[in-house]
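J.: Just structure.txt, nothing more (compact mmCIF, C-alpha atoms and all ligand atoms):
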# COMPACT_ATOMS: atom_id res chain seq x y z
CA ILE A 1 17.64 36.13 -14.17
CA ALA A 2 20.13 33.79 -15.79
CA ALA A 3 17.41 32.69 -18.20
CA MET A 4 16.62 36.31 -19.13
CA ILE A 5 20.17 36.96 -20.21
CA GLY A 6 20.36 33.59 -21.94
CA GLY A 7 22.89 32.09 -19.56
CA GLY A 8 22.86 29.68 -16.66
CA PRO A 9 24.27 26.17 -16.26
CA LEU A 10 21.36 24.61 -18.16
CA ALA A 11 21.42 27.06 -21.08
CA GLY A 12 20.86 25.20 -24.33
CA ARG A 13 19.33 22.18 -22.57
CA HIS A 14 15.76 21.18 -23.38
CA VAL A 15 13.86 19.63 -20.48
CA VAL A 16 10.39 18.09 -20.77
CA VAL A 17 8.43 18.11 -17.51
CA THR A 18 5.08 16.38 -17.02
CA SER A 19 2.93 17.65 -14.18
CA GLY A 20 -0.46 17.59 -12.52
CA PRO A 21 -3.16 14.98 -12.54
CA THR A 22 -4.86 13.66 -15.62
CA HIS A 23 -8.63 13.58 -15.96
CA GLU A 24 -10.22 10.54 -17.49
CA PRO A 25 -13.77 11.17 -18.69
CA ILE A 26 -16.67 8.95 -17.70
CA ASP A 27 -19.25 10.99 -19.61
CA PRO A 28 -19.44 14.66 -20.68
CA VAL A 29 -19.87 15.90 -17.10
CA ARG A 30 -17.87 13.42 -15.00
CA TYR A 31 -14.28 12.28 -14.79
CA ILE A 32 -11.84 10.27 -12.70
CA ALA A 33 -8.95 12.24 -11.21
CA ASN A 34 -6.46 12.14 -8.34
CA ARG A 35 -5.15 14.46 -5.62
CA SER A 36 -2.12 15.82 -7.47
CA SER A 37 -2.01 19.63 -7.35
CA GLY A 38 0.86 20.00 -9.82
CA ALA A 39 2.82 22.03 -7.26
CA GLN A 40 5.95 19.87 -7.48
CA GLY A 41 5.95 19.98 -11.26
CA THR A 42 5.51 23.75 -11.37
CA ALA A 43 8.32 24.21 -8.83
CA LEU A 44 10.58 21.98 -10.93
CA ALA A 45 9.87 23.85 -14.14
CA GLN A 46 10.54 27.14 -12.38
CA ALA A 47 13.85 25.93 -10.92
CA LEU A 48 14.99 24.64 -14.32
CA VAL A 49 14.04 27.89 -16.07
CA GLU A 50 16.01 29.81 -13.45
CA LEU A 51 19.08 27.76 -14.37
CA GLY A 52 18.62 28.64 -18.03
CA ALA A 53 16.90 25.51 -19.34
CA GLU A 54 14.33 25.56 -22.12
CA VAL A 55 11.35 23.79 -20.54
CA THR A 56 8.38 22.15 -22.22
CA PHE A 57 5.75 21.81 -19.52
CA VAL A 58 3.12 19.20 -20.30
CA THR A 59 0.41 19.48 -17.70
CA GLY A 60 -2.95 17.99 -16.88
CA PRO A 61 -5.66 20.14 -15.25
CA ALA A 62 -3.66 21.27 -12.21
CA ALA A 63 -4.76 23.50 -9.35
CA ALA A 64 -1.25 24.92 -8.83
CA PRO A 65 -0.24 28.08 -10.71
CA LEU A 66 1.44 27.42 -14.03
CA PRO A 67 5.17 28.17 -14.37
CA ASP A 68 6.39 31.19 -16.36
CA HIS A 69 8.75 31.19 -19.33
CA VAL A 70 8.00 27.62 -20.39
CA ARG A 71 6.58 26.12 -23.55
CA LEU A 72 3.16 25.21 -22.12
CA VAL A 73 1.19 22.21 -23.33
CA GLN A 74 -2.11 21.65 -21.54
CA VAL A 75 -3.78 18.26 -21.79
CA GLU A 76 -6.60 16.45 -20.09
CA THR A 77 -6.09 12.70 -20.36
CA ALA A 78 -3.13 10.34 -20.01
CA ARG A 79 -3.33 9.46 -23.67
CA GLU A 80 -3.15 13.15 -24.62
CA MET A 81 -0.19 13.56 -22.27
CA ALA A 82 1.61 10.64 -23.93
CA ASP A 83 1.11 12.20 -27.36
CA ALA A 84 2.24 15.64 -26.15
CA VAL A 85 5.43 14.23 -24.62
CA GLN A 86 6.18 12.36 -27.82
CA ALA A 87 5.71 15.56 -29.80
CA ALA A 88 7.95 17.53 -27.41
CA LEU A 89 10.97 15.26 -27.94
CA PRO A 90 13.92 15.40 -28.48
CA ALA A 91 15.02 16.55 -25.05
CA ASP A 92 18.15 16.34 -22.96
CA VAL A 93 16.19 15.57 -19.81
CA ALA A 94 12.66 14.32 -19.18
CA ILE A 95 11.08 14.55 -15.74
CA PHE A 96 7.80 12.79 -15.05
CA ALA A 97 6.17 14.56 -12.14
CA ALA A 98 2.60 14.01 -13.34
CA ALA A 99 0.25 11.77 -11.41
CA VAL A 100 -0.94 9.99 -14.53
CA ALA A 101 -4.19 8.07 -14.20
CA ASP A 102 -3.40 4.39 -14.55
CA TRP A 103 -6.67 3.61 -16.26
CA HIS A 104 -9.22 5.28 -18.47
CA VAL A 105 -12.87 4.40 -18.78
CA GLU A 106 -13.39 2.24 -21.77
CA GLY A 107 -16.22 3.47 -23.93
CA ALA A 108 -16.72 6.79 -22.11
CA ARG A 109 -20.29 7.86 -22.89
CA ASN A 110 -21.18 10.71 -25.25
CA GLN A 111 -24.23 11.56 -23.20
CA LYS A 112 -24.62 12.05 -19.48
CA ILE A 113 -25.30 8.77 -17.70
CA LYS A 114 -28.78 9.00 -16.12
CA LYS A 115 -30.12 7.36 -13.00
CA THR A 116 -32.65 4.67 -13.76
CA PRO A 117 -36.00 4.23 -11.99
CA ASP A 118 -34.98 0.78 -10.74
CA GLY A 119 -31.80 2.16 -9.09
CA ALA A 120 -29.42 0.03 -11.18
CA MET A 121 -25.78 1.17 -10.86
CA PRO A 122 -23.81 2.02 -13.97
CA ALA A 123 -20.94 -0.37 -14.63
CA LEU A 124 -17.63 1.14 -15.73
CA GLU A 125 -15.00 -0.82 -17.58
CA PHE A 126 -11.39 0.27 -17.47
CA ALA A 127 -8.42 -0.05 -19.78
CA GLU A 128 -4.81 0.66 -18.87
CA ASN A 129 -3.24 3.94 -19.97
CA PRO A 130 0.12 4.06 -21.76
CA ASP A 131 3.06 4.29 -19.35
CA ILE A 132 4.71 7.49 -20.56
CA LEU A 133 7.78 7.23 -18.34
CA ALA A 134 8.49 3.61 -19.32
CA THR A 135 7.96 4.38 -23.00
CA VAL A 136 10.43 7.29 -22.98
CA SER A 137 12.93 5.37 -20.81
CA LYS A 138 12.98 2.52 -23.29
CA LEU A 139 13.30 4.56 -26.49
CA SER A 140 16.13 3.10 -28.54
CA ASP A 141 16.25 6.18 -30.71
CA GLY A 142 16.30 9.66 -29.23
CA ARG A 143 16.12 8.75 -25.56
CA PRO A 144 16.80 11.81 -23.37
CA SER A 145 20.16 11.32 -21.66
CA LEU A 146 18.54 11.73 -18.26
CA VAL A 147 15.08 10.29 -17.57
CA ILE A 148 13.68 10.98 -14.11
CA GLY A 149 10.51 9.57 -12.59
CA PHE A 150 8.63 9.93 -9.35
CA ALA A 151 7.28 6.98 -7.43
CA ALA A 152 4.19 7.66 -5.38
CA GLU A 153 3.99 4.97 -2.73
CA THR A 154 1.97 4.48 0.43
CA GLU A 155 4.09 1.68 1.97
CA LYS A 156 7.55 0.07 1.59
CA VAL A 157 8.50 3.25 -0.22
CA VAL A 158 12.15 2.63 -1.13
CA GLU A 159 11.61 -1.04 -1.90
CA HIS A 160 8.71 -0.35 -4.24
CA ALA A 161 10.44 2.63 -5.85
CA THR A 162 13.63 0.69 -6.48
CA ALA A 163 11.65 -2.03 -8.23
CA LYS A 164 9.73 0.62 -10.17
CA ARG A 165 12.97 2.23 -11.38
CA ALA A 166 14.25 -1.10 -12.65
CA ARG A 167 10.95 -2.00 -14.27
CA LYS A 168 10.56 1.31 -16.07
CA GLY A 169 14.20 1.75 -16.99
CA CYS A 170 14.57 5.37 -15.89
CA ASP A 171 17.85 6.77 -14.58
CA TRP A 172 16.64 8.36 -11.37
CA ILE A 173 13.47 7.96 -9.42
CA LEU A 174 12.27 10.24 -6.63
CA ALA A 175 10.32 8.11 -4.22
CA ASN A 176 7.71 9.84 -2.15
CA ASP A 177 5.46 8.63 0.58
CA VAL A 178 1.95 9.74 -0.32
CA SER A 179 0.17 7.92 2.49
CA ASP A 180 -2.58 10.01 4.09
CA ALA A 181 -0.57 10.82 7.21
CA THR A 182 2.17 12.66 5.28
CA GLY A 183 -0.16 15.21 3.63
CA ILE A 184 2.24 15.37 0.70
CA MET A 185 -0.22 14.96 -2.11
CA GLY A 186 -1.78 18.40 -2.38
CA GLY A 187 0.47 19.87 0.33
CA SER A 188 3.41 22.28 0.02
CA ASP A 189 6.14 20.00 1.42
CA ASN A 190 7.68 16.88 0.02
CA ALA A 191 9.87 14.16 1.48
CA VAL A 192 11.70 12.21 -1.20
CA THR A 193 14.39 9.61 -1.58
CA LEU A 194 16.47 9.86 -4.73
CA ILE A 195 17.21 6.43 -6.14
CA SER A 196 19.90 6.11 -8.78
CA ASP A 197 22.75 3.77 -9.71
CA ALA A 198 24.54 5.25 -6.72
CA GLY A 199 21.87 3.92 -4.34
CA ALA A 200 19.17 5.57 -2.23
CA GLU A 201 19.66 9.09 -0.87
CA ALA A 202 16.98 10.21 1.58
CA TRP A 203 16.40 13.97 1.53
CA PRO A 204 14.94 15.65 4.59
CA ARG A 205 11.36 16.86 4.39
CA MET A 206 11.45 20.29 2.74
CA SER A 207 9.28 22.54 0.61
CA LYS A 208 8.45 21.39 -2.92
CA LYS A 209 10.39 24.44 -4.12
CA ASP A 210 13.50 23.24 -2.29
CA VAL A 211 13.07 19.72 -3.66
CA ALA A 212 12.90 21.30 -7.10
CA ARG A 213 16.04 23.40 -6.57
CA ARG A 214 17.96 20.43 -5.23
CA LEU A 215 16.94 18.20 -8.12
CA ALA A 216 17.75 20.92 -10.64
CA GLN A 217 21.21 21.25 -9.10
CA LYS A 218 21.68 17.45 -9.32
CA ILE A 219 20.91 17.70 -13.02
CA VAL A 220 23.50 20.45 -13.45
CA ASP A 221 26.04 18.28 -11.61
CA ALA A 222 25.23 15.25 -13.78
CA PHE A 223 25.94 17.21 -16.97
CA ALA A 224 29.10 18.68 -15.44
CA ASP A 225 30.36 15.16 -14.64
CA GLU A 226 29.57 14.05 -18.16
CA THR A 227 31.71 16.76 -19.77
CA ARG A 228 34.52 16.51 -17.25
N1 LIG B 301 3.84 7.45 -15.10
C1 LIG B 301 3.69 7.71 -16.45
N2 LIG B 301 2.65 7.17 -17.14
C2 LIG B 301 1.76 6.37 -16.52
C3 LIG B 301 1.90 6.10 -15.14
C4 LIG B 301 2.95 6.66 -14.46
O1 LIG B 301 4.51 8.44 -17.03
N3 LIG B 301 0.76 5.85 -17.20
C5 LIG B 301 4.99 8.00 -14.39
C6 LIG B 301 4.67 8.99 -13.30
O2 LIG B 301 4.66 10.31 -13.81
C7 LIG B 301 5.81 8.78 -12.32
C8 LIG B 301 6.13 7.31 -12.49
O3 LIG B 301 5.64 6.93 -13.75
O4 LIG B 301 6.96 9.50 -12.67
C9 LIG B 301 5.61 6.40 -11.45
O5 LIG B 301 4.23 6.58 -11.29
P1 LIG B 301 3.47 5.66 -10.26
O6 LIG B 301 2.01 5.92 -10.32
O7 LIG B 301 4.17 5.76 -8.93
O8 LIG B 301 3.82 4.21 -10.85
P2 LIG B 301 3.00 3.11 -11.63
O9 LIG B 301 3.94 2.45 -12.57
O10 LIG B 301 1.77 3.68 -12.25
O11 LIG B 301 2.66 2.05 -10.52
P3 LIG B 301 1.51 2.03 -9.36
O12 LIG B 301 0.64 3.25 -9.52
O13 LIG B 301 0.80 0.76 -9.60
O14 LIG B 301 2.30 2.06 -8.06
CA CA B 302 0.21 4.89 -11.07
Now that the file is in, can you turn its structure into structure tokens?
T.:
Amino acid sequence: IAAMIGGGPLAGRHVVVTSGPTHEPIDPVRYIANRSSGAQGTALAQALVELGAEVTFVTGPAAAPLPDHVRLVQVETAREMADAVQAALPADVAIFAAAVADWHVEGARNQKIKKTPDGAMPALEFAENPDILATVSKLSDGRPSLVIGFAAETEKVVEHATAKRARKGCDWILANDVSDATGIMGGSDNAVTLISDAGAEAWPRMSKKDVARRLAQKIVDAFADETR
């Protein structure tokens, strides 16, 4: 409602959100993907729009419904996502909720790979994808004032996420445990720990919508502190 009347605590703020998985083609009919549904990213975009932000939503092929009232940019691969984020800047805030594929298949084939009569297996070679979060965090010119990442971990969650935050140079990182037992990847709940300069703050397990609302409020508070 705030957004519809042009108000809200994030009015005039541009936020870029990445979301969903990326698909990395193997050949014209096959790709490598991951279990991200895009639900957390959509919830975030929605919460930010409700607070009046202008949101550019850069998403891979996600199963979750797309958010309303955003500038929508749909991509397939990590490299396309990197380009789309670059093109969406400048922004006040950038949030990297996408589960970006770490690798793409080098020399993806133009034709469908066929089985061979002798049963030989195709060999795939991989190359690393650009790290979009690290690239934006380290921009010397035009870095968003708040850069927020997620850290998907299956063990030593806070330890790994703290190291990841330092390595990538983002301001905040939301660590989540995506080990099988938690059912978080693809589920409707999330359990995150917010890691910032202030330390690690464990949030109780809650819906992805509530995680989104709480993070959006944190962003509002951060800007309020800045102008105080
Ligand atoms: N990310 C990104 N670009 C990539 C890989 C990750 O922008 N090529 C972002 C994700 O959107 C997330 C954060 O970086 O916000 C951490 O992603 P994650 O997969 O947990 O970290 P990696 O650095 O890829 O490390 P690893 O997968 O080896 O744990
Ligand atoms: Ca990764």
J.: Given all atoms listed in the file as the basis, pick out the residue of A:Met185, A:Ala98, A:Leu174, A:Leu215 nearest to ligand LIG 301 (chain B).
T.: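 Among the listed residues, the smallest separation from ligand LIG 301 (chain B) belongs to A:Ala98.
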J.: Kindly provide, as a list in words, all nucleotide and amino acid residues lying within 8 Å of ligand CA 302 (chain B), counting only C-alpha atoms and all ligand atoms.
T.: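 Within the 8 Å cut-off, the matching residues are Ala99, Val100, Ala101, Asp102 and Ala152 of chain A.
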J.: What lies within 12 Å of stretch 49-51 of chain A using all atoms listed in the file, ignoring chain neighbours under 4 positions off, as a PyMOL selection string?
T.: chain A and resi 1-17+42-45+55-57+67-71+212-220
J.: 7 Å from ligand LIG 301 (chain B) is the threshold here; counting all atoms listed in the file, which polymer residues fall inside it? Answer as a PyMOL selection string.
T.: chain A and resi 18+78+96-102+129-134+149-153+164
J.: May I have the residues within 10 Å of stretch 189-199 of chain A as a ChimeraX atom specification, using only C-alpha atoms and disregarding those fewer than 4 positions away in the same chain?
T.: /A:39-40,148-152,157-158,161-162,165-166,170-178,182-185,203-212,215
J.: I need the residue nearest A:Lys114 from this list: A:Thr59, A:Ala224, A:Val29, A:Glu54. Use all atoms listed in the file for the distance.
T.: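 Under the stated criterion, the closest residue is A:Val29.
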J.: Give me the residues within 10 Å of A:Pro25 as a list in words, counting all atoms listed in the file and dropping any in the same chain fewer than 6 places off.
T.: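 Near neighbours after the sequence-gap exclusion: Tyr31, Ile32, Ala33, Glu76, Thr77, His104, Val105, Glu106, Gly107, Ala108, Arg109 and Asn110 of chain A.
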J.: Using only C-alpha atoms, pick whichever of A:Val75, A:Ala222, A:Ala200, A:Ala127 has the shortest atom-to-atom distance to A:Pro21.
T.: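 Closest to A:Pro21, using only C-alpha atoms: A:Val75.
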J.: May I have the residues within 6 Å of A:Val93 as a ChimeraX atom specification, using only C-alpha atoms and disregarding those fewer than 4 positions away in the same chain?
T.: /A:15,144,146-147
J.: So, with all atoms listed in the file as the atoms that count, which of A:Gly119, A:Ala53, A:Gly187, A:Lys112 lies closest to A:Ser36?
T.: A:Gly187
J.: What is the distance between atom CA of A:Ser37 and atom CA of A:His23, in Å to one decimal?
T.: 12.4 Å
J.: So the first atom is atom CA of A:Gly41 and the second is atom CA of A:Glu128; what is the distance between them in Å, to one decimal place?
T.: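 Going from atom CA of A:Gly41 over to atom CA of A:Glu128, I get 23.4 Å.
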J.: As JSON, what would the box around stretch 186-203 of chain A look like: edges along x, y and z, 6 Å added on every side, centre and edge lengths in Å to one decimal?
T.:
{"center_x": 11.4, "center_y": 13.0, "center_z": -4.1, "size_x": 38.3, "size_y": 30.5, "size_z": 23.3}
J.: Would you compute the distance between atom CA of A:Ala82 and atom CA of A:Pro61? Give it in Å to one decimal.
T.: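 Going from atom CA of A:Ala82 over to atom CA of A:Pro61, I get 14.8 Å.
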J.: Find, counting only C-alpha atoms, the residue in A:Pro90, A:Glu226, A:Gly38, A:Ile26 that gets nearest to A:Ala123.
T.: A:Ile26
J.: Taking into account all atoms listed in the file, which residue in the set A:Ile113, A:Ala63, A:Val136, A:Met121 is nearest to A:Ile95?
T.: A:Val136
J.: Up to 10 Å from (13.9, 16.3, -30.7) in the file's coordinates: name the residues, counting all atoms listed in the file, as an MDAnalysis selection string.
T.: chainID A and resid 14 86:92 142:144
J.: If I only have part of stretch 151-182 of chain A, can you fill in N, CA and C atoms and write it as a tab-separated table (two decimals), in the frame of the given file?
T.:
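Everything below was put into rebuild39.tsv:
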chain	number	residue	atom	x	y	z
A	151	ALA	N	7.99	8.19	-7.81
A	151	ALA	CA	7.28	6.98	-7.43
A	151	ALA	C	6.42	7.32	-6.23
A	152	ALA	N	5.14	7.38	-6.46
A	152	ALA	CA	4.19	7.66	-5.38
A	152	ALA	C	3.85	6.35	-4.70
A	153	GLU	N	4.23	6.22	-3.45
A	153	GLU	CA	3.99	4.97	-2.73
A	153	GLU	C	3.31	5.27	-1.40
A	154	THR	N	2.58	4.29	-0.89
A	154	THR	CA	1.97	4.48	0.43
A	154	THR	C	2.56	3.52	1.46
A	155	GLU	N	3.42	2.61	1.04
A	155	GLU	CA	4.09	1.68	1.97
A	155	GLU	C	5.36	1.16	1.30
A	156	LYS	N	6.28	0.63	2.09
A	156	LYS	CA	7.55	0.07	1.59
A	156	LYS	C	8.11	0.96	0.47
A	157	VAL	N	8.26	2.23	0.80
A	157	VAL	CA	8.50	3.25	-0.22
A	157	VAL	C	9.76	3.00	-1.05
A	158	VAL	N	10.89	2.79	-0.38
A	158	VAL	CA	12.15	2.63	-1.13
A	158	VAL	C	12.17	1.30	-1.89
A	159	GLU	N	11.66	0.28	-1.25
A	159	GLU	CA	11.61	-1.04	-1.90
A	159	GLU	C	10.76	-0.99	-3.19
A	160	HIS	N	9.58	-0.42	-3.07
A	160	HIS	CA	8.71	-0.35	-4.24
A	160	HIS	C	9.30	0.56	-5.32
A	161	ALA	N	9.90	1.67	-4.88
A	161	ALA	CA	10.44	2.63	-5.85
A	161	ALA	C	11.67	2.07	-6.57
A	162	THR	N	12.46	1.30	-5.86
A	162	THR	CA	13.63	0.69	-6.48
A	162	THR	C	13.19	-0.30	-7.56
A	163	ALA	N	12.18	-1.07	-7.24
A	163	ALA	CA	11.65	-2.03	-8.23
A	163	ALA	C	11.04	-1.29	-9.41
A	164	LYS	N	10.38	-0.18	-9.12
A	164	LYS	CA	9.73	0.62	-10.17
A	164	LYS	C	10.78	1.19	-11.12
A	165	ARG	N	11.89	1.67	-10.56
A	165	ARG	CA	12.97	2.23	-11.38
A	165	ARG	C	13.51	1.16	-12.34
A	166	ALA	N	13.71	-0.02	-11.82
A	166	ALA	CA	14.25	-1.10	-12.65
A	166	ALA	C	13.25	-1.48	-13.74
A	167	ARG	N	11.99	-1.57	-13.34
A	167	ARG	CA	10.95	-2.00	-14.27
A	167	ARG	C	10.77	-0.99	-15.40
A	168	LYS	N	10.82	0.28	-15.06
A	168	LYS	CA	10.56	1.31	-16.07
A	168	LYS	C	11.79	1.68	-16.86
A	169	GLY	N	12.96	1.46	-16.27
A	169	GLY	CA	14.20	1.75	-16.99
A	169	GLY	C	14.61	3.21	-16.96
A	170	CYS	N	14.14	3.97	-15.97
A	170	CYS	CA	14.57	5.37	-15.89
A	170	CYS	C	15.89	5.46	-15.13
A	171	ASP	N	16.54	6.61	-15.21
A	171	ASP	CA	17.85	6.77	-14.58
A	171	ASP	C	17.70	7.05	-13.08
A	172	TRP	N	16.86	8.00	-12.78
A	172	TRP	CA	16.64	8.36	-11.37
A	172	TRP	C	15.15	8.24	-11.08
A	173	ILE	N	14.86	7.90	-9.83
A	173	ILE	CA	13.47	7.96	-9.42
A	173	ILE	C	13.41	8.66	-8.06
A	174	LEU	N	12.48	9.56	-7.90
A	174	LEU	CA	12.27	10.24	-6.63
A	174	LEU	C	11.08	9.57	-5.97
A	175	ALA	N	11.38	8.83	-4.91
A	175	ALA	CA	10.32	8.11	-4.22
A	175	ALA	C	9.67	9.03	-3.22
A	176	ASN	N	8.36	9.11	-3.23
A	176	ASN	CA	7.71	9.84	-2.15
A	176	ASN	C	6.57	9.08	-1.52
A	177	ASP	N	6.46	9.30	-0.22
A	177	ASP	CA	5.46	8.63	0.58
A	177	ASP	C	4.19	9.48	0.52
A	178	VAL	N	3.19	8.97	-0.17
A	178	VAL	CA	1.95	9.74	-0.32
A	178	VAL	C	0.82	9.17	0.54
A	179	SER	N	1.20	8.42	1.59
A	179	SER	CA	0.17	7.92	2.49
A	179	SER	C	-0.51	9.12	3.16
A	180	ASP	N	-1.75	8.94	3.53
A	180	ASP	CA	-2.58	10.01	4.09
A	180	ASP	C	-1.87	10.85	5.14
A	181	ALA	N	-1.18	10.17	6.04
A	181	ALA	CA	-0.57	10.82	7.21
A	181	ALA	C	0.45	11.88	6.81
A	182	THR	N	1.09	11.74	5.64
A	182	THR	CA	2.17	12.66	5.28
A	182	THR	C	1.63	13.98	4.72
